>>> print(open('target_17.txt').read())   # compact mmCIF, C-alpha atoms
# COMPACT_ATOMS: atom_id res chain seq x y z
CA MET A 1 0.00 0.00 0.00
CA ARG A 2 2.83 2.36 0.86
CA ASP A 3 4.53 1.72 -2.49
CA MET A 4 1.28 2.43 -4.30
CA ALA A 5 0.87 5.70 -2.39
CA VAL A 6 4.45 6.72 -3.24
CA ASP A 7 3.98 5.85 -6.92
CA SER A 8 0.74 7.85 -6.98
CA SER A 9 2.48 10.84 -5.41
CA VAL A 10 5.31 10.63 -7.93
CA THR A 11 2.81 10.53 -10.79
CA MET A 12 0.94 13.58 -9.46
CA LEU A 13 4.22 15.44 -8.98
CA SER A 14 5.27 14.54 -12.53
CA LEU A 15 1.94 15.81 -13.87
CA ALA A 16 2.54 19.11 -12.09
CA VAL A 17 6.12 19.35 -13.36
CA GLY A 18 5.00 18.59 -16.91
CA ALA A 19 2.28 21.25 -16.75
CA LEU A 20 4.73 23.77 -15.26
CA PHE A 21 7.33 23.24 -17.96
CA GLY A 22 4.59 23.24 -20.58
CA ALA A 23 3.54 26.66 -19.34
CA LEU A 24 7.13 27.90 -19.58
CA THR A 25 7.68 26.45 -23.06
CA PRO A 26 6.18 29.16 -25.37
CA ARG A 27 8.69 31.95 -24.67
CA THR A 28 11.72 29.67 -24.88
CA ALA A 29 10.41 27.96 -28.02
CA TYR A 30 9.71 31.36 -29.60
CA ARG A 31 13.21 32.65 -28.97
CA LEU A 32 14.83 29.47 -30.31
CA SER A 33 12.58 29.12 -33.38
CA VAL A 34 15.13 30.59 -35.78
CA THR A 35 16.82 29.22 -38.87
CA TRP A 36 20.08 27.33 -38.52
CA GLY A 37 23.02 29.60 -37.70
CA GLU A 38 20.86 32.50 -36.52
CA PRO A 39 21.09 33.69 -32.90
CA ALA A 40 18.13 33.36 -30.55
CA LEU A 41 15.60 36.18 -30.81
CA ALA A 42 16.48 39.10 -28.55
CA GLY A 43 13.03 40.70 -28.74
CA CYS A 44 9.56 40.53 -30.22
CA ALA A 45 9.72 39.92 -33.98
CA GLU A 46 6.56 42.02 -34.44
CA CYS A 47 7.23 45.22 -32.47
CA GLY A 48 10.91 44.87 -31.54
CA ALA A 49 10.32 45.12 -27.79
CA PRO A 50 13.42 43.57 -26.16
CA PHE A 51 13.22 40.63 -23.81
CA ALA A 52 14.43 40.98 -20.25
CA ALA A 53 18.01 40.02 -19.58
CA GLY A 54 18.84 36.74 -17.92
CA THR A 55 16.44 34.01 -16.89
CA ALA A 56 13.42 36.34 -16.88
CA GLY A 57 13.77 36.75 -20.63
CA TRP A 58 13.52 33.01 -21.20
CA TRP A 59 11.13 31.69 -18.57
CA ARG A 60 7.80 33.48 -18.47
CA PHE A 61 4.23 32.35 -17.90
CA ALA A 62 2.92 34.15 -20.97
CA ALA A 63 2.58 33.37 -24.65
CA ARG A 64 2.01 36.96 -25.81
CA CYS A 65 4.18 40.06 -26.11
CA ALA A 66 3.59 42.48 -23.22
CA SER A 67 3.92 45.43 -25.62
CA CYS A 68 1.95 44.55 -28.77
CA GLY A 69 0.00 41.48 -27.66
CA VAL A 70 1.13 39.23 -30.53
CA ARG A 71 1.40 35.56 -29.64
CA GLN A 72 4.95 34.38 -29.11
CA GLY A 73 5.51 30.67 -29.59
CA PRO A 74 3.05 27.80 -29.37
CA SER A 75 -0.26 28.04 -27.59
CA LEU A 76 -0.44 27.22 -23.90
CA TRP A 77 -3.58 25.28 -24.75
CA TRP A 78 -1.42 22.46 -26.12
CA THR A 79 1.95 22.83 -24.36
CA VAL A 80 0.46 22.59 -20.85
CA PRO A 81 -1.78 19.52 -21.32
CA VAL A 82 0.74 17.72 -23.53
CA GLY A 83 3.52 18.39 -21.03
CA ALA A 84 1.39 17.14 -18.14
CA LEU A 85 0.18 14.08 -20.05
CA ALA A 86 3.66 13.10 -21.28
CA ALA A 87 5.24 13.44 -17.83
CA GLY A 88 2.33 11.71 -16.10
CA LEU A 89 2.28 8.75 -18.48
CA THR A 90 6.04 8.38 -18.19
CA ALA A 91 5.94 8.44 -14.40
CA THR A 92 3.10 5.91 -14.31
CA SER A 93 4.85 3.58 -16.75
CA LEU A 94 8.25 3.80 -15.02
CA ALA A 95 6.90 3.69 -11.45
CA GLY A 96 9.52 2.37 -9.04
CA GLN A 97 12.36 2.76 -11.53
CA GLY A 98 14.34 5.33 -9.54
CA TRP A 99 16.76 7.46 -11.54
CA VAL A 100 15.51 5.92 -14.79
CA LEU A 101 12.11 7.43 -14.03
CA VAL A 102 13.76 10.83 -13.53
CA ALA A 103 15.48 10.47 -16.90
CA GLY A 104 12.19 9.57 -18.54
CA VAL A 105 10.33 12.54 -17.06
CA LEU A 106 13.17 14.85 -18.09
CA LEU A 107 12.91 13.55 -21.65
CA SER A 108 9.15 14.07 -21.67
CA VAL A 109 9.20 17.70 -20.53
CA VAL A 110 12.15 18.75 -22.71
CA GLY A 111 10.52 16.83 -25.55
CA VAL A 112 7.59 19.27 -25.52
CA LEU A 113 10.03 22.16 -26.06
CA LEU A 114 11.85 20.32 -28.85
CA ALA A 115 8.56 19.41 -30.55
CA ALA A 116 7.38 23.03 -30.41
CA ILE A 117 10.57 24.30 -32.04
CA ASP A 118 10.56 21.57 -34.68
CA LEU A 119 6.94 22.29 -35.60
CA ALA A 120 7.79 25.98 -35.97
CA VAL A 121 11.02 25.86 -37.99
CA GLN A 122 11.81 22.15 -38.60
CA ARG A 123 14.89 22.38 -36.44
CA LEU A 124 16.07 20.65 -33.26
CA PRO A 125 18.71 22.91 -31.65
CA ASP A 126 21.98 21.14 -30.88
CA PRO A 127 22.58 22.99 -27.57
CA ILE A 128 19.36 21.53 -26.15
CA VAL A 129 19.86 18.06 -27.63
CA TRP A 130 23.43 17.51 -26.47
CA ARG A 131 22.69 18.84 -22.98
CA LEU A 132 19.72 16.50 -22.81
CA ALA A 133 21.92 13.60 -23.95
CA VAL A 134 24.50 14.32 -21.23
CA ALA A 135 21.78 14.63 -18.57
CA VAL A 136 20.05 11.38 -19.55
CA ALA A 137 23.34 9.48 -19.76
CA GLY A 138 24.31 10.85 -16.35
CA LEU A 139 20.99 9.88 -14.75
CA LEU A 140 21.23 6.38 -16.18
CA ALA A 141 24.78 6.11 -14.82
CA LEU A 142 23.38 7.02 -11.40
CA ALA A 143 20.76 4.32 -11.82
CA ALA A 144 23.45 1.77 -12.63
CA ALA A 145 25.63 2.88 -9.71
CA THR A 146 22.80 2.78 -7.15
CA GLY A 147 21.51 -0.72 -7.57
CA GLY A 148 20.89 -0.93 -11.29
CA SER A 149 22.86 -2.87 -13.85
CA TRP A 150 26.00 -1.66 -15.62
CA ALA A 151 25.10 -4.14 -18.35
CA ALA A 152 21.84 -2.24 -18.80
CA TYR A 153 23.82 1.01 -18.94
CA GLY A 154 26.08 -0.40 -21.64
CA ARG A 155 23.01 -1.52 -23.56
CA ALA A 156 21.54 1.99 -23.15
CA LEU A 157 24.64 3.50 -24.73
CA GLY A 158 24.42 0.91 -27.49
CA GLY A 159 20.74 1.67 -28.08
CA GLY A 160 21.46 5.36 -28.34
CA ALA A 161 24.31 4.77 -30.75
CA ALA A 162 22.18 2.39 -32.83
CA LEU A 163 19.27 4.81 -33.32
CA LEU A 164 21.69 7.67 -33.97
CA ALA A 165 23.43 5.62 -36.66
CA VAL A 166 20.25 4.31 -38.30
CA PHE A 167 18.47 7.64 -38.43
CA GLY A 168 21.70 9.38 -39.39
CA LEU A 169 22.07 7.02 -42.35
CA MET A 170 18.46 7.65 -43.36
CA ALA A 171 19.09 11.39 -43.13
CA LEU A 172 21.93 11.04 -45.61
CA LEU A 173 19.93 8.80 -47.95
CA THR A 174 16.63 10.72 -47.96
CA GLY A 175 17.95 14.06 -49.09
CA GLY A 176 16.65 16.05 -46.15
CA GLN A 177 13.35 14.26 -45.51
CA ILE A 178 14.91 13.15 -42.23
CA GLY A 179 17.28 15.65 -40.65
CA LEU A 180 20.46 15.09 -38.68
CA GLY A 181 18.70 16.76 -35.76
CA ASP A 182 16.10 14.00 -35.91
CA ALA A 183 18.90 11.43 -35.77
CA LYS A 184 20.43 13.09 -32.71
CA VAL A 185 17.10 13.17 -30.86
CA ALA A 186 16.50 9.52 -31.78
CA GLY A 187 19.90 8.74 -30.30
CA VAL A 188 19.02 10.43 -27.02
CA LEU A 189 15.72 8.55 -26.78
CA GLY A 190 17.58 5.34 -27.63
CA LEU A 191 19.50 5.75 -24.37
CA LEU A 192 16.32 5.35 -22.30
CA LEU A 193 14.82 2.61 -24.46
CA GLY A 194 18.10 0.72 -24.63
CA TRP A 195 18.19 0.48 -20.83
CA TYR A 196 15.29 -1.96 -21.10
CA GLY A 197 16.51 -3.99 -24.04
CA TRP A 198 16.90 -4.11 -27.78
CA GLY A 199 13.20 -4.83 -28.26
CA PRO A 200 12.14 -1.36 -27.03
CA VAL A 201 14.85 0.23 -29.19
CA LEU A 202 13.52 -1.54 -32.28
CA LEU A 203 9.90 -0.79 -31.38
CA GLY A 204 10.64 2.89 -30.77
CA GLY A 205 12.45 3.27 -34.08
CA LEU A 206 9.73 1.53 -36.09
CA LEU A 207 6.94 3.44 -34.36
CA ALA A 208 8.65 6.73 -35.19
CA LEU A 209 8.72 5.87 -38.88
CA LEU A 210 5.13 4.60 -38.85
CA LEU A 211 3.81 7.67 -37.03
CA ASN A 212 5.63 10.05 -39.34
CA GLY A 213 4.38 8.14 -42.37
CA ALA A 214 0.80 8.27 -41.12
CA VAL A 215 1.04 12.02 -40.50
CA ALA A 216 2.50 12.51 -43.99
CA VAL A 217 -0.37 10.58 -45.60
CA VAL A 218 -2.97 12.63 -43.73
CA LEU A 219 -1.30 15.91 -44.68
CA LEU A 220 -1.03 14.80 -48.32
CA VAL A 221 -4.75 13.94 -48.40
CA LEU A 222 -5.56 17.32 -46.88
CA ARG A 223 -3.17 18.97 -49.35
CA ARG A 224 -1.20 20.60 -46.57
CA ILE A 225 2.07 19.36 -48.05
CA SER A 226 3.20 18.25 -51.51
CA TRP A 227 4.97 15.05 -52.52
CA ARG A 228 8.25 16.97 -52.50
CA GLY A 229 7.49 18.69 -49.23
CA SER A 230 8.93 17.84 -45.86
CA LEU A 231 7.54 17.79 -42.36
CA PRO A 232 9.14 17.82 -38.92
CA MET A 233 9.90 14.33 -37.68
CA GLY A 234 10.95 15.25 -34.15
CA PRO A 235 7.40 15.09 -32.75
CA SER A 236 6.90 11.61 -34.21
CA ILE A 237 10.17 10.35 -32.71
CA LEU A 238 9.28 11.79 -29.31
CA ALA A 239 5.73 10.41 -29.43
CA ALA A 240 7.06 6.98 -30.47
CA ALA A 241 9.40 6.89 -27.48
CA LEU A 242 6.55 7.79 -25.14
CA LEU A 243 4.29 5.11 -26.62
CA THR A 244 7.08 2.56 -26.29
CA VAL A 245 7.60 3.43 -22.62
CA VAL A 246 3.85 3.12 -22.01
CA ALA A 247 3.81 -0.24 -23.82
CA ILE A 248 6.66 -1.78 -21.83
CA GLY A 249 5.68 -0.20 -18.50
CA PRO A 250 3.40 -2.99 -17.27
CA MET A 251 6.15 -5.56 -17.90
CA LEU A 252 8.87 -3.81 -15.91
CA PRO A 253 10.00 -5.24 -12.56
CA PRO A 254 10.65 -2.82 -9.67
CA ALA A 255 14.11 -1.28 -9.69
CA ALA A 256 16.61 -2.95 -7.40
>>> encode(input="target_17.txt", output="structure tokens")
Amino acid sequence: MRDMAVDSSVTMLSLAVGALFGALTPRTAYRLSVTWGEPALAGCAECGAPFAAGTAGWWRFAARCASCGVRQGPSLWWTVPVGALAAGLTATSLAGQGWVLVAGVLLSVVGVLLAAIDLAVQRLPDPIVWRLAVAVAGLLALAAATGGSWAAYGRALGGGAALLAVFGLMALLTGGQIGLGDAKVAGVLGLLLGWYGWGPVLLGGLLALLLNGAVAVVLLVLRRISWRGSLPMGPSILAAALLTVVAIGPMLPPAA
């Protein structure tokens, strides 16, 4: 009973964290939604009003410019519920998994930011992705060092490398339909999935391709894109990882 109460508390906390970060996502996503090589926006693109210096200029519970009222970044109506849902589902699926659960929740909340940027400019910023990779690898190392398995950690590194290599190869062969940023994000997600085995790595990779293909078909039917057009794949990769975690969750034993 106590374990169930703890797991329930962790899930509720994760829901709150996901909603909080979802609420903070629009301003950060707006500032980072620039073309490759361009610096982050220093002010409102509509009226030129500068953002505050430091953290206050990045983290703000508002999706509109205080000066002209134009919306900046994605709508809170999707970032908040999606952030809460992703973090809550991850926490429920990885209940009792210790530091691995923390890594999963981190991936879910940062994934909302990455998805928002990718949907806006079809770009997944390297500074966010590599920091996320280091954080996830570090959390999984903590899991291995505090009662987990170093064999699982080695498999996690292998899973990350495998998805990075596969999606990287597809990026080179598809002429831009899949970006190198997509490959890097797939590699980060492969770290978490690889902890639990090669089956989740394979499932996550296949689901990403299937989801992206389904979205492409729908957009083609609706004439939102052309046959030569491209669409952001980051959201599909992130959603596939979440679905894989939810699928394997009921089969996971409690962490040691």
>>> closest_residue(input="target_17.txt", among="A:Leu106, A:Trp78, A:Tyr30, A:Gly37", to="Ser14 (chain A)", atoms="all atoms listed in the file")
A:Leu106
>>> atom_distance(input="target_17.txt", atom1="CA of Gln72 (chain A)", atom2="CA of Cys44 (chain A)")
7.8 Å
>>> closest_atom_pairs(input="target_17.txt", of="region 229-253 of chain A", to="region 192-216 of chain A", cutoff="6 Å", atoms="all atoms listed in the file", output="JSON lines")
{"residue": "A:Ser236", "atom": "CA", "partner": "A:Ala208", "partner_atom": "CA", "distance": 5.3}
{"residue": "A:Ile237", "atom": "CA", "partner": "A:Ala208", "partner_atom": "CA", "distance": 4.6}
{"residue": "A:Ala240", "atom": "CA", "partner": "A:Ala208", "partner_atom": "CA", "distance": 5.0}
{"residue": "A:Ala241", "atom": "CA", "partner": "A:Gly204", "partner_atom": "CA", "distance": 5.3}
{"residue": "A:Thr244", "atom": "CA", "partner": "A:Gly204", "partner_atom": "CA", "distance": 5.7}
>>> closest_residue(input="target_17.txt", among="A:Ser93, A:Ser108, A:Thr146, A:Ser226", to="Leu252 (chain A)", atoms="all atoms listed in the file")
A:Ser93
>>> residues_around(input="target_17.txt", residues="Ala133 (chain A)", least_positions_apart="6", cutoff="10 Å", atoms="all atoms listed in the file", output="list in words")
Leu107, Leu139, Gly160, Lys184, Val185, Gly187, Val188, Leu189 and Leu191 of chain A
>>> atom_distance(input="target_17.txt", atom1="CA of Gly22 (chain A)", atom2="CA of Leu85 (chain A)")
10.2 Å
>>> residues_around(input="target_17.txt", residues="Thr11 (chain A)", least_positions_apart="6", cutoff="7 Å", atoms="all atoms listed in the file", output="list in words")
Gly88, Ala91 and Thr92 of chain A
>>> residues_around(input="target_17.txt", residues="Asp118 (chain A)", least_positions_apart="6", cutoff="12 Å", atoms="only C-alpha atoms", output="list in words")
Ala29, Tyr30, Leu32, Ser33, Val34, Thr35, Trp36, Gly73, Pro74, Gly111, Val112, Leu124, Pro125, Gly179, Gly181, Asp182, Val185, Ser230, Leu231, Pro232, Met233, Gly234, Pro235, Ser236, Ile237 and Leu238 of chain A
>>> residues_around(input="target_17.txt", residues="Ala145 (chain A)", least_positions_apart="5", cutoff="12 Å", atoms="all atoms listed in the file", output="NGL selection string")
:A and (98-100 or 138-140 or 150-153 or 256)
>>> atom_distance(input="target_17.txt", atom1="CA of Met12 (chain A)", atom2="CA of Arg27 (chain A)")
25.1 Å
>>> closest_residue(input="target_17.txt", among="A:Arg131, A:Arg228, A:Arg31, A:Arg64", to="Gly176 (chain A)", atoms="only C-alpha atoms")
A:Arg228
>>> closest_residue(input="target_17.txt", among="A:Leu173, A:Ala183, A:Ser149, A:Trp59", to="Ala161 (chain A)", atoms="only C-alpha atoms")
A:Ala183
>>> residues_around(input="target_17.txt", residues="Leu89 (chain A)", least_positions_apart="2", cutoff="12 Å", atoms="only C-alpha atoms", output="number ranges by chain")
A: 8, 10-15, 18, 81-87, 91-95, 101, 104-105, 108-109, 239, 241-250
>>> build_atoms(input="target_17.txt", residues="region 6-17 of chain A", atoms="all heavy atoms", output="short mmCIF file (atom, residue, chain, number, x, y, z; two decimals), keeping the file's coordinate frame")
data_model
loop_
_atom_site.label_atom_id
_atom_site.label_comp_id
_atom_site.auth_asym_id
_atom_site.auth_seq_id
_atom_site.Cartn_x
_atom_site.Cartn_y
_atom_site.Cartn_z
N VAL A 6 3.27 6.00 -2.76
CA VAL A 6 4.45 6.72 -3.24
C VAL A 6 4.40 6.88 -4.75
O VAL A 6 4.65 7.96 -5.29
CB VAL A 6 5.74 5.98 -2.82
CG1 VAL A 6 6.95 6.58 -3.52
CG2 VAL A 6 5.92 6.04 -1.31
N ASP A 7 4.07 5.79 -5.46
CA ASP A 7 3.98 5.85 -6.92
C ASP A 7 2.93 6.86 -7.36
O ASP A 7 3.12 7.61 -8.33
CB ASP A 7 3.64 4.47 -7.49
CG ASP A 7 4.79 3.48 -7.34
OD1 ASP A 7 5.92 3.94 -7.10
OD2 ASP A 7 4.54 2.27 -7.43
N SER A 8 1.80 6.90 -6.65
CA SER A 8 0.74 7.85 -6.98
C SER A 8 1.21 9.27 -6.76
O SER A 8 0.93 10.16 -7.57
CB SER A 8 -0.49 7.55 -6.12
OG SER A 8 -1.53 8.47 -6.40
N SER A 9 1.96 9.49 -5.69
CA SER A 9 2.48 10.84 -5.41
C SER A 9 3.48 11.27 -6.47
O SER A 9 3.49 12.43 -6.90
CB SER A 9 3.14 10.86 -4.02
OG SER A 9 2.21 10.57 -3.00
N VAL A 10 4.33 10.32 -6.88
CA VAL A 10 5.31 10.63 -7.93
C VAL A 10 4.61 10.98 -9.24
O VAL A 10 5.01 11.91 -9.95
CB VAL A 10 6.28 9.45 -8.12
CG1 VAL A 10 7.15 9.66 -9.37
CG2 VAL A 10 7.15 9.27 -6.89
N THR A 11 3.56 10.25 -9.56
CA THR A 11 2.81 10.53 -10.79
C THR A 11 2.18 11.92 -10.73
O THR A 11 2.24 12.68 -11.70
CB THR A 11 1.71 9.47 -11.01
OG1 THR A 11 2.33 8.19 -11.18
CG2 THR A 11 0.88 9.80 -12.24
N MET A 12 1.57 12.26 -9.60
CA MET A 12 0.94 13.58 -9.46
C MET A 12 1.99 14.69 -9.54
O MET A 12 1.76 15.73 -10.15
CB MET A 12 0.18 13.66 -8.14
CG MET A 12 -1.01 12.71 -8.05
SD MET A 12 -2.21 12.96 -9.40
CE MET A 12 -2.76 14.62 -9.06
N LEU A 13 3.14 14.45 -8.91
CA LEU A 13 4.22 15.44 -8.98
C LEU A 13 4.70 15.60 -10.42
O LEU A 13 4.95 16.73 -10.88
CB LEU A 13 5.38 15.01 -8.08
CG LEU A 13 6.63 15.91 -8.10
CD1 LEU A 13 6.28 17.31 -7.62
CD2 LEU A 13 7.73 15.30 -7.23
N SER A 14 4.83 14.49 -11.13
CA SER A 14 5.27 14.54 -12.53
C SER A 14 4.26 15.28 -13.39
O SER A 14 4.64 16.05 -14.30
CB SER A 14 5.49 13.13 -13.06
OG SER A 14 6.49 12.46 -12.32
N LEU A 15 2.97 15.05 -13.15
CA LEU A 15 1.94 15.81 -13.87
C LEU A 15 2.11 17.31 -13.66
O LEU A 15 2.03 18.10 -14.61
CB LEU A 15 0.55 15.38 -13.40
CG LEU A 15 -0.02 14.07 -13.94
CD1 LEU A 15 -1.23 13.64 -13.12
CD2 LEU A 15 -0.40 14.23 -15.41
N ALA A 16 2.36 17.70 -12.41
CA ALA A 16 2.54 19.11 -12.09
C ALA A 16 3.79 19.68 -12.76
O ALA A 16 3.77 20.79 -13.31
CB ALA A 16 2.61 19.31 -10.58
N VAL A 17 4.87 18.91 -12.72
CA VAL A 17 6.12 19.35 -13.36
C VAL A 17 5.94 19.49 -14.86
O VAL A 17 6.38 20.47 -15.47
CB VAL A 17 7.26 18.36 -13.04
CG1 VAL A 17 8.49 18.66 -13.91
CG2 VAL A 17 7.63 18.44 -11.57
#
